[in-house]
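This report refers to the structure that appears directly beneath it.
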Amino acid sequence: QRPALEATEVIADATRGAVVAALPNGAPLKTFEFTRVHHDGATQRDVFDADVAPVVRRVLDGVNACILAYGQTGSGKTHTMMGSTSAGADDPERGIIPRLAEDLFLRIADLAEIAKRGGDGSSATWKVSATYVEIYNEKVTDLLTGQPVTIRVAPGGGFALANAKQEAVTTVAEVLKVIERGSKQRSTAATKMNEHSSRSHAVFILALN
């Protein structure tokens, strides 16, 4: 019998791909299984290579994809997605979005080179655009224009942000400038855990055409 705990303890078991929660007062352990669980020493590069790089490849095959960071205030969502805002290309603290953008543009350049050489007989070109919105109090706002956004059902299923701005981007630096500009418009309010916590959900979209 394990000793009673004063608070819940959570253990990430990377070997089993599970998260184990030890509850107070000797309650039974609760185990939650996932496709993959990273150990507490995992780096930003480890997370990207294992879970995000394959998504980029699928997107270039024409598959829609979503990367979602979920957790309580202070759990590391912003660090995981963005990392250090001043992180350069070689900085190990770079987050998912700058790494994803870099990987995406490199792969697009490779595809363009292949097409140029006639390796696959195609001459396709790619255009990338960025959209940045927030969901706050059940309302969607374009963080690039400050205007309300209308959500509509898209032809063939899914949804579309009908009047959200799509800004053309061609480099990682341009992607980060869009995020920096939009982030200044996000709704924030203090919580008990974080004086400057954002109270909204941010959605950053890169669209390929």
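Residues in the structure tokens are named by chain (A, B, ... in the order shown) and by number from 1 within that chain; ligands are numbered from 1 in the order shown.
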
Any chance you could list, as a PyMOL selection string, the residues in chain A that come up helix (DSSP H, G or I) when DSSP is run on the backbone? chain A and resi 24-26+44-60+77-81+96-117+172-183

Restricted to C-alpha atoms, what would the selected residues look like written as a compact mmCIF listing (two decimals), in the first residue's frame?
# COMPACT_ATOMS: atom_id res chain seq x y z
CA PRO A 24 -4.28 12.02 -2.39
CA ASN A 25 -5.61 9.91 0.48
CA GLY A 26 -4.43 6.59 -0.91
CA GLN A 44 12.22 21.15 -28.17
CA ARG A 45 13.97 19.33 -31.04
CA ASP A 46 12.91 15.92 -29.68
CA VAL A 47 9.26 16.97 -29.60
CA PHE A 48 9.40 18.51 -33.06
CA ASP A 49 11.13 15.57 -34.72
CA ALA A 50 8.82 12.98 -33.18
CA ASP A 51 5.43 14.68 -33.44
CA VAL A 52 5.54 17.68 -35.77
CA ALA A 53 7.91 16.92 -38.67
CA PRO A 54 5.67 14.03 -39.83
CA VAL A 55 2.72 16.47 -39.83
CA VAL A 56 4.56 18.84 -42.18
CA ARG A 57 5.14 15.99 -44.62
CA ARG A 58 1.45 15.08 -44.51
CA VAL A 59 0.39 18.68 -45.11
CA LEU A 60 2.49 18.79 -48.28
CA LYS A 77 2.08 25.92 -23.81
CA THR A 78 3.63 29.13 -25.12
CA HIS A 79 7.14 27.82 -24.53
CA THR A 80 6.34 24.63 -26.45
CA MET A 81 4.74 26.44 -29.38
CA ILE A 96 7.24 24.27 -32.63
CA ILE A 97 5.96 27.13 -34.82
CA PRO A 98 9.34 28.57 -35.91
CA ARG A 99 10.70 25.05 -36.43
CA LEU A 100 7.60 24.08 -38.41
CA ALA A 101 7.80 27.20 -40.58
CA GLU A 102 11.48 26.59 -41.32
CA ASP A 103 10.86 22.94 -42.20
CA LEU A 104 7.88 23.86 -44.36
CA PHE A 105 9.73 26.47 -46.42
CA LEU A 106 12.75 24.18 -46.85
CA ARG A 107 10.54 21.36 -48.13
CA ILE A 108 8.70 23.72 -50.47
CA ALA A 109 12.05 24.89 -51.85
CA ASP A 110 13.10 21.27 -52.38
CA LEU A 111 9.85 20.52 -54.25
CA ALA A 112 10.32 23.61 -56.41
CA GLU A 113 13.85 22.52 -57.26
CA ILE A 114 12.66 19.04 -58.19
CA ALA A 115 9.96 20.52 -60.42
CA LYS A 116 12.48 22.89 -62.00
CA ARG A 117 14.73 20.00 -62.91
CA VAL A 172 10.30 32.20 -41.04
CA ALA A 173 11.01 35.82 -40.13
CA GLU A 174 7.77 36.93 -41.81
CA VAL A 175 5.81 34.24 -39.97
CA LEU A 176 7.21 35.40 -36.63
CA LYS A 177 6.43 39.05 -37.42
CA VAL A 178 2.80 38.13 -38.06
CA ILE A 179 2.63 36.32 -34.73
CA GLU A 180 4.33 39.17 -32.89
CA ARG A 181 1.93 41.71 -34.37
CA GLY A 182 -1.14 39.65 -33.59
CA SER A 183 -0.03 38.67 -30.09

Write out as a compact mmCIF listing (two decimals) with N, CA, C and O atoms, in the first residue's frame each polymer residue whose atoms come within 10 Å of A:Val203, counting only C-alpha atoms; drop sequence neighbours fewer than 3 positions from it.
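Result written to result04.txt:
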# COMPACT_ATOMS: atom_id res chain seq x y z
N CYS A 66 -3.67 19.76 -37.52
CA CYS A 66 -3.77 20.69 -36.40
C CYS A 66 -2.81 20.26 -35.30
O CYS A 66 -2.72 19.07 -34.97
N ILE A 67 -2.09 21.21 -34.76
CA ILE A 67 -1.22 20.97 -33.60
C ILE A 67 -1.78 21.78 -32.45
O ILE A 67 -1.84 23.02 -32.52
N LEU A 68 -2.19 21.11 -31.40
CA LEU A 68 -2.90 21.76 -30.29
C LEU A 68 -2.08 21.67 -29.01
O LEU A 68 -1.66 20.59 -28.61
N THR A 131 -2.86 33.27 -41.04
CA THR A 131 -4.04 33.86 -40.41
C THR A 131 -3.89 33.69 -38.91
O THR A 131 -3.43 32.64 -38.44
N TYR A 132 -4.30 34.70 -38.14
CA TYR A 132 -4.12 34.65 -36.69
C TYR A 132 -5.38 35.20 -36.03
O TYR A 132 -5.70 36.38 -36.19
N VAL A 133 -6.10 34.35 -35.33
CA VAL A 133 -7.34 34.78 -34.68
C VAL A 133 -7.33 34.33 -33.22
O VAL A 133 -6.53 33.49 -32.81
N GLU A 134 -8.23 34.93 -32.44
CA GLU A 134 -8.40 34.48 -31.07
C GLU A 134 -9.88 34.20 -30.80
O GLU A 134 -10.77 34.81 -31.42
N ILE A 135 -10.11 33.25 -29.91
CA ILE A 135 -11.47 32.95 -29.45
C ILE A 135 -11.55 33.41 -28.00
O ILE A 135 -10.80 32.93 -27.15
N VAL A 140 -14.96 35.30 -32.05
CA VAL A 140 -13.72 35.14 -32.80
C VAL A 140 -13.30 36.49 -33.36
O VAL A 140 -14.10 37.18 -34.01
N ASP A 142 -10.14 38.69 -35.45
CA ASP A 142 -8.93 38.66 -36.26
C ASP A 142 -7.86 39.49 -35.55
O ASP A 142 -8.01 40.70 -35.37
N LEU A 143 -6.78 38.85 -35.13
CA LEU A 143 -5.72 39.56 -34.41
C LEU A 143 -4.88 40.44 -35.32
O LEU A 143 -4.10 41.26 -34.83
N SER A 200 -7.68 34.01 -23.60
CA SER A 200 -8.27 33.63 -24.88
C SER A 200 -7.54 32.43 -25.45
O SER A 200 -6.46 32.05 -25.00

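Rounded to one decimal, atom CA of A:Gly95 and atom CA of A:Thr43 lie 9.8 Å from each other.
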
Quick one: DSSP strand (DSSP E or B) residues in stretch 51-187 of chain A, as a ChimeraX atom specification? /A:83,94,128-136,139-142,148,151-153,159-161,167-169

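Here atom CA of A:Arg152 and atom CA of A:Met82 stand 28.9 Å from one another.
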
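Pairwise distance (atom CA of A:Ala18, atom CA of A:Ala202) equals 27.6 Å.
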